[in-house]
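File shown: model-v2.cif. Contents: mmCIF, C-alpha atoms.
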```
data_upload
#
loop_
_atom_site.label_atom_id
_atom_site.label_comp_id
_atom_site.auth_asym_id
_atom_site.auth_seq_id
_atom_site.Cartn_x
_atom_site.Cartn_y
_atom_site.Cartn_z
CA MET A 1 -165.24 -201.35 43.50
CA ILE A 2 -163.73 -199.17 46.20
CA ALA A 3 -159.95 -199.02 46.45
CA ARG A 4 -158.64 -200.90 49.47
CA PHE A 5 -155.90 -198.43 50.35
CA PHE A 6 -156.28 -195.19 52.25
CA THR A 7 -154.13 -192.07 52.19
CA LEU A 8 -151.36 -192.03 54.76
CA THR A 9 -149.65 -188.93 56.08
CA LEU A 10 -146.07 -189.72 57.06
CA LEU A 11 -144.24 -187.60 59.60
CA VAL A 12 -140.54 -188.44 59.77
CA MET A 13 -139.14 -187.92 63.25
CA THR A 14 -135.42 -187.23 63.29
CA LEU A 15 -134.85 -186.06 66.86
CA GLY A 16 -132.54 -188.40 68.69
CA VAL A 17 -131.74 -190.55 65.65
CA SER A 18 -128.17 -191.79 65.79
CA LYS A 19 -125.88 -190.89 62.90
CA ALA A 20 -123.30 -193.40 64.03
CA HIS A 21 -122.95 -196.89 62.62
CA ALA A 22 -125.42 -199.14 64.42
CA GLN A 23 -124.33 -202.40 65.99
CA ALA A 24 -127.70 -203.88 65.02
CA GLU A 25 -126.79 -203.77 61.33
CA PHE A 26 -125.51 -206.94 59.67
CA ASP A 27 -124.41 -208.29 56.29
CA ILE A 28 -127.07 -210.30 54.43
CA THR A 29 -125.14 -210.93 51.21
CA SER A 30 -123.56 -214.22 52.32
CA GLY A 31 -125.06 -217.68 52.79
CA LYS A 32 -127.08 -218.91 55.74
CA LEU A 33 -127.34 -216.30 58.49
CA GLU A 34 -127.90 -216.31 62.19
CA ALA A 35 -131.20 -214.50 62.71
CA LEU A 36 -130.86 -211.21 64.60
CA PRO A 37 -132.41 -211.36 68.11
CA MET A 38 -134.76 -208.43 68.56
CA ALA A 39 -137.71 -207.34 70.66
CA VAL A 40 -141.01 -205.97 69.34
CA SER A 41 -142.98 -204.55 72.25
CA GLN A 42 -146.70 -204.02 72.40
CA PHE A 43 -147.51 -200.40 71.63
CA TYR A 44 -148.74 -197.93 74.22
CA ALA A 45 -152.49 -197.26 73.84
CA GLU A 46 -153.56 -193.74 74.81
CA ARG A 47 -157.23 -194.77 75.04
CA PRO A 48 -158.92 -198.12 75.81
CA GLU A 49 -160.38 -198.24 72.28
CA PHE A 50 -156.81 -198.41 70.95
CA ASN A 51 -155.84 -201.48 72.99
CA GLN A 52 -156.53 -203.91 70.15
CA LEU A 53 -154.51 -201.89 67.62
CA ALA A 54 -151.67 -201.54 70.11
CA SER A 55 -151.52 -205.34 70.25
CA ASP A 56 -152.31 -206.26 66.63
CA ILE A 57 -149.81 -203.95 64.92
CA PRO A 58 -146.76 -205.32 66.77
CA GLU A 59 -148.00 -208.85 66.10
CA ILE A 60 -147.96 -208.25 62.33
CA ILE A 61 -144.52 -206.61 62.57
CA THR A 62 -143.23 -209.61 64.50
CA ASN A 63 -144.67 -212.09 61.98
CA ASN A 64 -143.21 -210.16 59.03
CA LEU A 65 -139.72 -209.93 60.50
CA ARG A 66 -139.70 -213.56 61.63
CA GLY A 67 -140.98 -214.69 58.24
CA SER A 68 -138.05 -213.03 56.48
CA GLY A 69 -135.71 -215.47 58.19
CA LEU A 70 -133.35 -212.63 59.11
CA PHE A 71 -134.81 -211.80 62.53
CA ASN A 72 -135.55 -213.80 65.66
CA PRO A 73 -138.20 -211.90 67.67
CA ILE A 74 -138.05 -212.61 71.41
CA ASN A 75 -141.19 -213.87 73.16
CA GLN A 76 -143.05 -210.93 74.73
CA ASN A 77 -143.62 -212.95 77.91
CA ALA A 78 -139.94 -212.37 78.74
CA PHE A 79 -140.24 -208.57 78.59
CA ILE A 80 -139.82 -206.65 81.84
CA GLN A 81 -140.47 -203.05 80.75
CA ASN A 82 -144.09 -202.36 79.84
CA PRO A 83 -145.35 -200.27 76.86
CA GLN A 84 -146.35 -197.28 79.01
CA SER A 85 -142.88 -197.06 80.55
CA LEU A 86 -141.27 -197.38 77.12
CA GLU A 87 -143.40 -194.53 75.79
CA LYS A 88 -142.99 -192.19 78.77
CA ASP A 89 -139.42 -192.91 79.90
CA GLY A 90 -137.70 -194.56 76.95
CA PRO A 91 -136.02 -197.99 76.99
CA ARG A 92 -134.22 -199.33 80.04
CA PHE A 93 -131.47 -200.73 77.85
CA ALA A 94 -129.84 -202.93 80.50
CA GLU A 95 -133.04 -204.97 80.79
CA TRP A 96 -133.25 -205.45 77.02
CA ARG A 97 -129.57 -206.42 76.81
CA ALA A 98 -130.22 -209.06 79.45
CA LEU A 99 -132.72 -210.63 77.02
CA ASN A 100 -130.02 -210.61 74.30
CA ALA A 101 -132.12 -208.20 72.21
CA GLN A 102 -129.90 -206.35 69.76
CA ALA A 103 -132.73 -204.15 68.47
CA LEU A 104 -136.01 -202.98 69.97
CA VAL A 105 -139.24 -201.71 68.37
CA SER A 106 -141.59 -199.64 70.51
CA GLY A 107 -144.57 -197.49 69.61
CA SER A 108 -147.85 -195.86 70.49
CA VAL A 109 -151.40 -195.43 69.22
CA THR A 110 -152.96 -192.06 70.03
CA ARG A 111 -155.67 -189.70 68.77
CA ALA A 112 -154.58 -186.61 66.85
CA GLU A 113 -156.23 -183.22 67.27
CA ASP A 114 -158.17 -183.65 64.02
CA GLY A 115 -159.64 -186.94 65.23
CA ARG A 116 -157.51 -189.25 63.14
CA THR A 117 -155.49 -192.09 64.58
CA ARG A 118 -151.77 -191.53 65.01
CA VAL A 119 -149.51 -194.59 64.99
CA GLU A 120 -145.90 -193.96 65.97
CA PHE A 121 -142.95 -196.32 66.16
CA ARG A 122 -139.30 -196.10 67.18
CA LEU A 123 -136.45 -198.48 66.40
CA TRP A 124 -133.66 -198.65 68.99
CA ASP A 125 -130.15 -200.09 68.92
CA VAL A 126 -129.97 -201.72 72.35
CA PHE A 127 -126.18 -201.92 72.61
CA SER A 128 -125.38 -198.38 71.47
CA GLN A 129 -128.48 -197.09 73.33
CA GLN A 130 -129.48 -194.97 70.35
CA GLN A 131 -132.68 -194.46 68.39
CA LEU A 132 -132.07 -195.61 64.83
CA THR A 133 -135.25 -194.26 63.26
CA GLY A 134 -138.80 -193.23 64.09
CA MET A 135 -141.90 -192.36 62.13
CA ALA A 136 -145.54 -191.48 62.68
CA TYR A 137 -148.55 -192.24 60.48
CA MET A 138 -151.86 -190.35 60.51
CA THR A 139 -154.64 -192.52 59.17
CA THR A 140 -157.91 -194.30 59.90
CA PRO A 141 -158.08 -197.38 62.14
CA GLN A 142 -159.28 -199.56 59.24
CA ASN A 143 -155.85 -199.31 57.64
CA TRP A 144 -153.93 -200.78 60.54
CA ARG A 145 -152.60 -203.82 58.68
CA ARG A 146 -150.97 -201.69 56.04
CA ILE A 147 -149.41 -199.46 58.69
CA ALA A 148 -147.91 -202.58 60.29
CA HIS A 149 -146.43 -203.64 56.94
CA ILE A 150 -144.97 -200.18 56.30
CA ILE A 151 -143.36 -200.13 59.75
CA SER A 152 -141.96 -203.61 59.07
CA ASP A 153 -140.41 -202.31 55.85
CA GLU A 154 -138.81 -199.38 57.68
CA VAL A 155 -137.32 -201.65 60.35
CA TYR A 156 -136.08 -204.12 57.72
CA LYS A 157 -134.47 -201.35 55.67
CA ARG A 158 -132.78 -199.62 58.60
CA ILE A 159 -131.19 -202.82 59.87
CA THR A 160 -130.36 -204.67 56.63
CA GLY A 161 -129.69 -201.71 54.34
CA GLU A 162 -132.11 -203.15 51.75
CA ASP A 163 -135.64 -202.02 50.94
CA GLY A 164 -138.39 -204.09 52.52
CA TYR A 165 -141.11 -206.07 50.76
CA PHE A 166 -143.91 -206.41 53.31
CA ASP A 167 -146.26 -203.69 52.02
CA THR A 168 -146.99 -205.69 48.87
CA ARG A 169 -149.53 -208.04 47.36
CA VAL A 170 -149.44 -211.34 45.48
CA VAL A 171 -151.72 -212.19 42.57
CA TYR A 172 -152.05 -215.85 41.65
CA ILE A 173 -154.24 -218.52 40.07
CA SER A 174 -156.61 -220.17 42.54
CA GLU A 175 -157.29 -223.78 41.54
CA THR A 176 -160.01 -226.27 42.47
CA GLY A 177 -161.38 -229.51 41.05
CA PRO A 178 -159.93 -232.74 39.62
CA ALA A 179 -156.76 -232.71 37.51
CA ASN A 180 -158.63 -233.02 34.20
CA ARG A 181 -161.20 -230.32 35.06
CA ARG A 182 -159.34 -227.69 37.08
CA VAL A 183 -161.28 -224.49 37.75
CA LYS A 184 -158.88 -221.54 37.71
CA ARG A 185 -159.66 -218.03 39.00
CA LEU A 186 -157.59 -214.91 39.40
CA ALA A 187 -157.05 -214.12 43.11
CA ILE A 188 -155.13 -211.48 45.06
CA MET A 189 -153.96 -211.13 48.67
CA ASP A 190 -151.44 -209.32 50.83
CA GLN A 191 -148.01 -210.93 50.88
CA ASP A 192 -148.84 -212.52 54.26
CA GLY A 193 -152.12 -214.04 52.99
CA ALA A 194 -154.49 -211.45 54.50
CA ASN A 195 -157.22 -209.56 52.58
CA HIS A 196 -157.71 -212.42 50.14
CA ARG A 197 -160.27 -211.95 47.36
CA TYR A 198 -161.13 -213.30 43.91
CA LEU A 199 -160.89 -211.05 40.87
CA THR A 200 -162.54 -213.26 38.24
CA GLU A 201 -165.41 -215.72 38.21
CA ALA A 202 -164.99 -219.47 37.87
CA GLY A 203 -166.37 -219.80 34.34
CA THR A 204 -163.30 -218.70 32.37
CA LEU A 205 -159.80 -220.19 32.46
CA VAL A 206 -157.12 -217.63 33.42
CA LEU A 207 -153.31 -217.96 33.47
CA THR A 208 -150.04 -216.04 33.97
CA PRO A 209 -151.09 -212.88 35.89
CA ARG A 210 -148.45 -210.13 36.16
CA PHE A 211 -148.49 -206.74 37.92
CA SER A 212 -147.87 -203.37 36.33
CA PRO A 213 -145.12 -201.19 37.86
CA THR A 214 -147.80 -199.12 39.61
CA ALA A 215 -149.32 -202.26 41.22
CA GLN A 216 -152.78 -201.07 40.14
CA GLU A 217 -153.15 -203.14 36.97
CA ILE A 218 -152.66 -206.80 36.12
CA THR A 219 -152.08 -208.33 32.72
CA TYR A 220 -153.01 -211.98 32.25
CA MET A 221 -154.07 -214.59 29.73
CA SER A 222 -157.67 -215.79 29.54
CA TYR A 223 -159.38 -218.37 27.33
CA ARG A 224 -162.51 -216.98 25.71
CA ASN A 225 -164.29 -219.17 23.14
CA ASN A 226 -161.34 -221.57 23.35
CA ARG A 227 -158.90 -218.89 22.20
CA PRO A 228 -156.21 -217.48 24.51
CA ARG A 229 -156.19 -213.69 24.70
CA VAL A 230 -154.22 -211.17 26.76
CA TYR A 231 -156.26 -208.91 29.07
CA LEU A 232 -155.70 -205.96 31.38
CA TYR A 233 -157.42 -205.85 34.76
CA ASN A 234 -157.74 -202.68 36.85
CA ILE A 235 -157.60 -203.70 40.52
CA ASP A 236 -159.39 -200.60 41.82
CA THR A 237 -162.30 -200.57 39.37
CA GLY A 238 -162.53 -204.26 38.45
CA ARG A 239 -162.58 -203.36 34.76
CA GLN A 240 -161.25 -206.00 32.33
CA GLU A 241 -160.01 -204.95 28.92
CA LEU A 242 -158.92 -207.02 25.93
CA LEU A 243 -155.39 -206.07 24.88
CA GLY A 244 -155.93 -205.88 21.14
CA ASP A 245 -157.94 -208.21 18.90
CA PHE A 246 -155.06 -210.21 17.47
CA PRO A 247 -155.92 -212.83 14.83
CA ASN A 248 -153.68 -215.44 16.50
CA MET A 249 -153.17 -216.83 20.00
CA THR A 250 -151.45 -214.51 22.48
CA PHE A 251 -149.97 -215.51 25.85
CA ALA A 252 -147.23 -214.94 28.50
CA PRO A 253 -147.75 -211.15 28.90
CA ARG A 254 -145.59 -208.85 31.05
CA PHE A 255 -145.43 -205.09 31.55
CA SER A 256 -142.41 -202.99 30.66
CA PRO A 257 -140.66 -201.28 33.61
CA ASP A 258 -142.32 -197.93 32.80
CA GLY A 259 -145.76 -199.55 32.44
CA ASN A 260 -146.27 -198.15 28.94
CA LYS A 261 -145.80 -201.41 27.06
CA VAL A 262 -146.73 -205.07 27.32
CA ILE A 263 -144.54 -207.78 25.88
CA MET A 264 -146.06 -211.15 24.94
CA SER A 265 -145.85 -214.16 22.65
CA MET A 266 -148.05 -214.63 19.61
CA ALA A 267 -148.55 -217.93 17.80
CA GLY A 268 -149.60 -218.23 14.20
CA ASN A 269 -148.89 -220.35 11.12
CA GLY A 270 -147.01 -222.91 13.21
CA ASN A 271 -144.63 -220.33 14.68
CA THR A 272 -144.41 -218.43 17.97
CA ASP A 273 -142.62 -215.09 18.26
CA ILE A 274 -142.34 -212.24 20.74
CA TYR A 275 -144.25 -209.00 20.22
CA GLU A 276 -144.35 -205.71 22.08
CA MET A 277 -147.44 -203.48 22.30
CA ASP A 278 -147.41 -199.79 23.19
CA LEU A 279 -150.38 -199.27 25.52
CA ARG A 280 -150.62 -195.59 24.63
CA ASN A 281 -151.43 -196.10 20.95
CA ARG A 282 -152.09 -199.88 20.91
CA LYS A 283 -149.53 -200.41 18.14
CA SER A 284 -147.49 -203.60 18.24
CA ARG A 285 -144.16 -204.60 16.76
CA ARG A 286 -142.52 -207.97 16.26
CA LEU A 287 -139.24 -208.48 18.13
CA THR A 288 -138.22 -212.02 17.09
CA THR A 289 -138.48 -213.63 13.64
CA ASN A 290 -137.00 -217.05 14.28
CA SER A 291 -138.74 -220.22 13.08
CA ALA A 292 -138.42 -221.69 16.58
CA ILE A 293 -140.74 -221.16 19.58
CA ASP A 294 -139.82 -217.89 21.34
CA THR A 295 -141.84 -217.19 24.48
CA ALA A 296 -141.90 -216.11 28.16
CA PRO A 297 -140.27 -212.68 27.65
CA SER A 298 -139.19 -210.59 30.66
CA TYR A 299 -137.75 -207.05 30.63
CA ALA A 300 -134.61 -206.02 32.47
CA PRO A 301 -135.36 -203.32 35.10
CA ASP A 302 -134.06 -200.57 32.79
CA GLY A 303 -136.04 -201.93 29.81
CA ARG A 304 -132.94 -202.14 27.63
CA GLN A 305 -132.78 -205.94 27.49
CA ILE A 306 -135.25 -208.81 27.35
CA ALA A 307 -134.80 -212.38 28.58
CA PHE A 308 -136.85 -215.14 26.95
CA GLU A 309 -136.93 -218.89 26.35
CA SER A 310 -136.51 -220.52 22.96
CA ASP A 311 -135.83 -223.90 21.38
CA ARG A 312 -133.96 -222.33 18.45
CA GLY A 313 -130.81 -224.19 19.53
CA GLY A 314 -132.54 -227.57 19.54
CA THR A 315 -133.58 -227.62 23.20
CA GLN A 316 -135.46 -225.23 25.50
CA GLN A 317 -132.89 -222.67 26.71
CA LEU A 318 -132.68 -219.06 27.93
CA TYR A 319 -131.69 -216.15 25.73
CA VAL A 320 -131.17 -212.41 26.18
CA MET A 321 -131.67 -209.77 23.49
CA ASP A 322 -131.65 -206.00 23.26
CA GLY A 323 -134.93 -204.17 23.77
CA ASN A 324 -135.40 -203.77 20.00
CA GLY A 325 -134.99 -207.49 19.36
CA GLY A 326 -131.37 -207.34 18.20
CA ASN A 327 -128.16 -208.88 19.54
CA VAL A 328 -129.69 -212.20 20.61
CA ARG A 329 -127.38 -214.39 22.71
CA ARG A 330 -127.88 -217.69 24.49
CA ILE A 331 -127.02 -217.69 28.22
CA THR A 332 -127.71 -221.29 29.38
CA PHE A 333 -125.61 -224.25 28.28
CA GLY A 334 -126.05 -226.70 31.16
CA ASN A 335 -127.79 -230.05 31.07
CA GLY A 336 -131.59 -230.02 31.05
CA ARG A 337 -134.21 -227.60 29.78
CA TYR A 338 -134.67 -224.01 30.98
CA GLY A 339 -137.79 -221.83 31.03
CA ASN A 340 -139.76 -219.04 32.75
CA PRO A 341 -136.96 -216.43 32.89
CA VAL A 342 -137.74 -213.50 35.21
CA TRP A 343 -135.37 -210.57 35.60
CA SER A 344 -134.58 -209.49 39.15
CA PRO A 345 -135.63 -205.93 40.14
CA ARG A 346 -131.95 -205.36 40.97
CA GLY A 347 -130.95 -206.30 37.43
CA ASP A 348 -128.14 -208.60 38.55
CA LEU A 349 -129.88 -211.98 38.22
CA ILE A 350 -132.47 -213.84 36.16
CA ALA A 351 -134.59 -216.47 37.91
CA PHE A 352 -135.68 -219.52 35.94
CA THR A 353 -137.24 -222.97 36.03
CA LYS A 354 -135.02 -225.93 35.11
CA MET A 355 -136.11 -229.44 34.16
CA LEU A 356 -133.51 -232.20 34.48
CA GLN A 357 -133.89 -235.98 34.74
CA GLY A 358 -137.55 -235.87 35.73
CA LYS A 359 -137.10 -233.20 38.40
CA PHE A 360 -137.86 -229.46 38.48
CA TYR A 361 -135.66 -226.72 39.94
CA ILE A 362 -135.86 -222.99 40.61
CA GLY A 363 -132.53 -221.29 40.01
CA VAL A 364 -130.84 -217.99 39.24
CA ILE A 365 -128.20 -216.97 36.72
CA ARG A 366 -126.40 -213.75 35.80
CA PRO A 367 -127.50 -212.04 32.56
CA ASP A 368 -124.17 -212.96 30.94
CA GLY A 369 -124.78 -216.67 31.64
CA SER A 370 -122.36 -217.03 34.53
CA GLY A 371 -123.00 -218.04 38.13
CA GLU A 372 -125.89 -220.47 37.65
CA ARG A 373 -127.20 -221.57 41.05
CA LEU A 374 -130.13 -223.87 41.88
CA ILE A 375 -131.93 -222.87 45.08
CA THR A 376 -134.87 -225.30 45.41
CA SER A 377 -136.25 -228.42 43.75
CA ALA A 378 -139.30 -230.67 43.83
CA TYR A 379 -141.44 -233.11 41.86
CA HIS A 380 -142.83 -230.05 40.06
CA VAL A 381 -141.81 -226.50 40.97
CA GLU A 382 -142.34 -223.57 38.60
CA GLY A 383 -143.30 -219.94 38.05
CA PRO A 384 -140.69 -217.86 39.96
CA SER A 385 -141.50 -214.22 40.75
CA TRP A 386 -139.31 -211.72 42.62
CA SER A 387 -140.11 -209.64 45.67
CA PRO A 388 -139.66 -205.92 44.84
CA ASN A 389 -136.30 -205.78 46.64
CA GLY A 390 -134.91 -208.78 44.75
CA ARG A 391 -134.25 -210.69 47.97
CA VAL A 392 -137.03 -213.32 47.95
CA LEU A 393 -138.69 -215.49 45.31
CA THR A 394 -142.24 -216.81 45.25
CA TYR A 395 -143.27 -219.81 43.13
CA PHE A 396 -145.63 -222.77 43.18
CA LYS A 397 -144.97 -226.39 43.96
CA GLU A 398 -147.08 -229.36 42.87
CA THR A 399 -147.20 -232.73 44.58
CA PRO A 400 -149.08 -235.82 43.35
CA THR A 401 -152.07 -236.97 45.40
CA GLY A 402 -154.49 -239.86 45.24
CA GLN A 403 -157.00 -237.66 43.38
CA GLY A 404 -154.49 -236.04 41.02
CA ARG A 405 -152.26 -233.25 42.30
CA SER A 406 -152.02 -230.45 44.84
CA ALA A 407 -150.47 -227.05 44.08
CA LYS A 408 -149.27 -224.63 46.79
CA LEU A 409 -147.48 -221.28 46.82
CA TYR A 410 -144.07 -220.86 48.48
CA THR A 411 -141.42 -218.23 49.14
CA ILE A 412 -137.69 -218.73 49.57
CA ASP A 413 -134.72 -216.50 50.32
CA LEU A 414 -132.28 -215.89 47.47
CA THR A 415 -129.66 -217.87 49.41
CA GLY A 416 -131.85 -221.00 49.19
CA TYR A 417 -132.84 -220.92 52.87
CA ASN A 418 -136.10 -220.15 54.65
CA GLU A 419 -138.58 -221.85 52.32
CA ARG A 420 -142.12 -221.11 53.56
CA GLU A 421 -145.59 -221.97 52.32
CA LEU A 422 -147.91 -219.06 51.49
CA SER A 423 -151.31 -220.03 52.85
CA THR A 424 -154.23 -219.82 50.39
CA PRO A 425 -157.87 -220.95 50.76
CA ARG A 426 -157.50 -223.41 47.87
CA ASP A 427 -154.70 -224.68 45.67
CA GLY A 428 -152.62 -221.97 44.03
CA SER A 429 -150.24 -221.60 41.09
CA ASP A 430 -148.43 -219.01 38.98
CA PRO A 431 -147.89 -216.31 41.65
CA ALA A 432 -146.68 -212.80 40.83
CA TRP A 433 -145.33 -210.36 43.42
CA SER A 434 -146.37 -206.72 43.24
CA PRO A 435 -144.12 -203.69 43.60
CA LEU A 436 -144.41 -201.84 46.91
CA ASN A 437 -147.95 -200.50 47.23
CA PRO A 438 -148.36 -196.84 46.22
#
```

Give the structure from the file, written as structure tokens.
Amino acid sequence: MIARFFTLTLLVMTLGVSKAHAQAEFDITSGKLEALPMAVSQFYAERPEFNQLASDIPEIITNNLRGSGLFNPINQNAFIQNPQSLEKDGPRFAEWRALNAQALVSGSVTRAEDGRTRVEFRLWDVFSQQQLTGMAYMTTPQNWRRIAHIISDEVYKRITGEDGYFDTRVVYISETGPANRRVKRLAIMDQDGANHRYLTEAGTLVLTPRFSPTAQEITYMSYRNNRPRVYLYNIDTGRQELLGDFPNMTFAPRFSPDGNKVIMSMAGNGNTDIYEMDLRNRKSRRLTTNSAIDTAPSYAPDGRQIAFESDRGGTQQLYVMDGNGGNVRRITFGNGRYGNPVWSPRGDLIAFTKMLQGKFYIGVIRPDGSGERLITSAYHVEGPSWSPNGRVLTYFKETPTGQGRSAKLYTIDLTGYNERELSTPRDGSDPAWSPLNP
């Protein structure tokens, strides 16, 4: 299988970039925000064959920024200045201020001397009349979608102060069939639903896919001969590899932050504990020895702590322990049952699923157990996974239907606003968000 990504050469342009504080910047740490009005112009096309790229790239940038909920792109039909004038003369800021645009994205698509395609963009602060940033990318035309995502990330970062999350992928479980005979396949797509493809065939049940820190491998659980086993899948080569031939059932795998280990649960003799395997020598060690069910482990970003769920206290609750299995402490004490803990890439929060009085919730809590906050709920909502910047969560939501149930993927901002469905060809569950693509 040929890798989907091509090499990009990035040329950072610093001439004319303002060092002053930009008026277009805003605080995104509070609650509901007013989306920032901004303009994304069509790019200037040096040659007729670049006309489509010059239109498609800004469209993807616009969709990404609008989808974040933090930006309100202005309809291009209102624009007065055309792409050629923007490229040759620079912005006529008075015209953009009249449209209430606080920021402006312009760009061009040209041919470099070596024959490659050069895509350039500039981000402008309309009110201070300064260029905030600008970059150029030398690549092949086939890679235009990824270029659009990278530009979106640069714009997002320059205005919000946070890293973007658009140049990423989502792996999930594609589901078809009646409720008692669901066919589940591993599938992957860009975070906006493009470039969708299936990674496994329909004959084997697969569950709980998770990315490695390099975004090139996935660990997941698969039933073979009615026994759950943990596997590794290489996205570039399509190779699947059994992660050790354990005598008992293994499930709920996740990579360590450095990618050298996989943590998982193993069931045997009526007990379920958490184990860690070193991928370099394939040696495993047991981290919990409690008689209760310990499962769903998730590393902190620095690898020094592990969150997990356990019923050792009588009900299903969340716990945190040191990376060696010591110093176990319970962090949830509210009503209901808690599960699926997932540590934020920032390290400041743990996302979870909560079940209370017949309803499901997605929430977040600090690692010390303080600040619990529920951000969405439904008949059945589960499986939270963080965007790489820790700003957005993806998860799946089930609704009952006449034939059984329907499962769809969603994203939501950490504040609890801007819930959006992630479009998939069929039903989907158990999503996992990749790190930024290498």

Check what the PyMOL selection byres ((chain A and resi 407-414) around 6) selects in the file above and give those residues as a PyMOL selection string. chain A and resi 391-398+406+415-422+427-428

At what distance in Å, to one decimal, does atom CA of Asp56 of chain A lie from atom CA of Arg116 of chain A?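 Going from atom CA of Arg116 of chain A over to atom CA of Asp56 of chain A covers 18.1 Å.
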
If you apply the PyMOL selection byres ((chain A and resi 429) around 12) to this file, what residues do you get, as a ChimeraX atom specification? /A:170-176,182-188,206-209,380-385,394-398,405-410,422-424,426-428,430-432

Can you turn the PyMOL selection byres ((chain A and resi 87) around 12) into a concrete residue list for this file, as a ChimeraX atom specification? /A:41-46,81-86,88-92,105-110,120-122

Go ahead and dump the residues you just picked, C-alpha atoms, as a PDB file, in the coordinates of the input.
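Just written: selection_13.pdb:
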```pdb
ATOM      1  CA  SER A  41    -142.980-204.550  72.250  1.00  0.00           C
ATOM      2  CA  GLN A  42    -146.700-204.020  72.400  1.00  0.00           C
ATOM      3  CA  PHE A  43    -147.510-200.400  71.630  1.00  0.00           C
ATOM      4  CA  TYR A  44    -148.740-197.930  74.220  1.00  0.00           C
ATOM      5  CA  ALA A  45    -152.490-197.260  73.840  1.00  0.00           C
ATOM      6  CA  GLU A  46    -153.560-193.740  74.810  1.00  0.00           C
ATOM      7  CA  GLN A  81    -140.470-203.050  80.750  1.00  0.00           C
ATOM      8  CA  ASN A  82    -144.090-202.360  79.840  1.00  0.00           C
ATOM      9  CA  PRO A  83    -145.350-200.270  76.860  1.00  0.00           C
ATOM     10  CA  GLN A  84    -146.350-197.280  79.010  1.00  0.00           C
ATOM     11  CA  SER A  85    -142.880-197.060  80.550  1.00  0.00           C
ATOM     12  CA  LEU A  86    -141.270-197.380  77.120  1.00  0.00           C
ATOM     13  CA  LYS A  88    -142.990-192.190  78.770  1.00  0.00           C
ATOM     14  CA  ASP A  89    -139.420-192.910  79.900  1.00  0.00           C
ATOM     15  CA  GLY A  90    -137.700-194.560  76.950  1.00  0.00           C
ATOM     16  CA  PRO A  91    -136.020-197.990  76.990  1.00  0.00           C
ATOM     17  CA  ARG A  92    -134.220-199.330  80.040  1.00  0.00           C
ATOM     18  CA  VAL A 105    -139.240-201.710  68.370  1.00  0.00           C
ATOM     19  CA  SER A 106    -141.590-199.640  70.510  1.00  0.00           C
ATOM     20  CA  GLY A 107    -144.570-197.490  69.610  1.00  0.00           C
ATOM     21  CA  SER A 108    -147.850-195.860  70.490  1.00  0.00           C
ATOM     22  CA  VAL A 109    -151.400-195.430  69.220  1.00  0.00           C
ATOM     23  CA  THR A 110    -152.960-192.060  70.030  1.00  0.00           C
ATOM     24  CA  GLU A 120    -145.900-193.960  65.970  1.00  0.00           C
ATOM     25  CA  PHE A 121    -142.950-196.320  66.160  1.00  0.00           C
ATOM     26  CA  ARG A 122    -139.300-196.100  67.180  1.00  0.00           C
TER      27      ARG A 122
END
```

Would you kindly return, as a list in words, each protein, DNA or RNA residue with an atom no farther than 12 Å from any atom of Ala78 of chain A, considering all atoms listed in the file and excluding same-chain residues fewer than 4 positions away?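 Once the nearby chain positions are removed, what remains is Ala39, Val40, Ser41, Pro73, Ile74, Asn82, Glu95, Trp96, Ala98, Leu99, Asn100 and Ala101 of chain A.
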
Around (-149.9, -205.1, 58.7) in the file's frame, which residues reach within 7 Å when counting only C-alpha atoms? Return as a PyMOL selection string? chain A and resi 57+60-61+144-149

What does the file look like for those residues with C-alpha atoms, as a PDB file, keeping the file's coordinate frame?
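Once written, out_9.pdb looks like this:
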```pdb
ATOM      1  CA  ILE A  57    -149.810-203.950  64.920  1.00  0.00           C
ATOM      2  CA  ILE A  60    -147.960-208.250  62.330  1.00  0.00           C
ATOM      3  CA  ILE A  61    -144.520-206.610  62.570  1.00  0.00           C
ATOM      4  CA  TRP A 144    -153.930-200.780  60.540  1.00  0.00           C
ATOM      5  CA  ARG A 145    -152.600-203.820  58.680  1.00  0.00           C
ATOM      6  CA  ARG A 146    -150.970-201.690  56.040  1.00  0.00           C
ATOM      7  CA  ILE A 147    -149.410-199.460  58.690  1.00  0.00           C
ATOM      8  CA  ALA A 148    -147.910-202.580  60.290  1.00  0.00           C
ATOM      9  CA  HIS A 149    -146.430-203.640  56.940  1.00  0.00           C
TER      10      HIS A 149
END
```

Hey, what's within 12 Å of Ser370 of chain A if we count only C-alpha atoms and toss same-chain stuff fewer than 6 positions away? As number ranges by chain, please? A: 330-334, 348-350, 364

Nearest to Gly134 of chain A, chosen from A:Met277, A:Ala351, A:Ile151, A:Ala252, with all atoms listed in the file counted in the distances: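 With all atoms listed in the file as the atom set, the closest residue is A:Ile151.
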
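Atom CA of Gly390 of chain A lies 14.8 Å from atom CA of Ile362 of chain A.
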
Restricting the calculation to only C-alpha atoms: of A:Arg97, A:Arg227, A:Lys354, A:Arg111, which residue gets closest to Phe50 of chain A?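 When distances to Phe50 of chain A are compared using only C-alpha atoms, the smallest one comes from A:Arg111.
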
So how many Å separate atom CA of Ala94 of chain A and atom CA of Pro37 of chain A, to one decimal?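 Atom CA of Pro37 of chain A lies at a distance of 15.2 Å from atom CA of Ala94 of chain A.
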
Under the rule that only C-alpha atoms are counted, which of A:Asn77, A:Thr140, A:Thr295, A:Thr133 is the nearest residue to Arg158 of chain A?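 Checking each candidate against Arg158 of chain A, we get A:Thr133 as the closest.
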
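For the set A:Met249, A:Ala267, A:Ile306, A:Met38, the residue with the smallest atom-to-atom gap to Asn225 of chain A is A:Met249, counting only C-alpha atoms.
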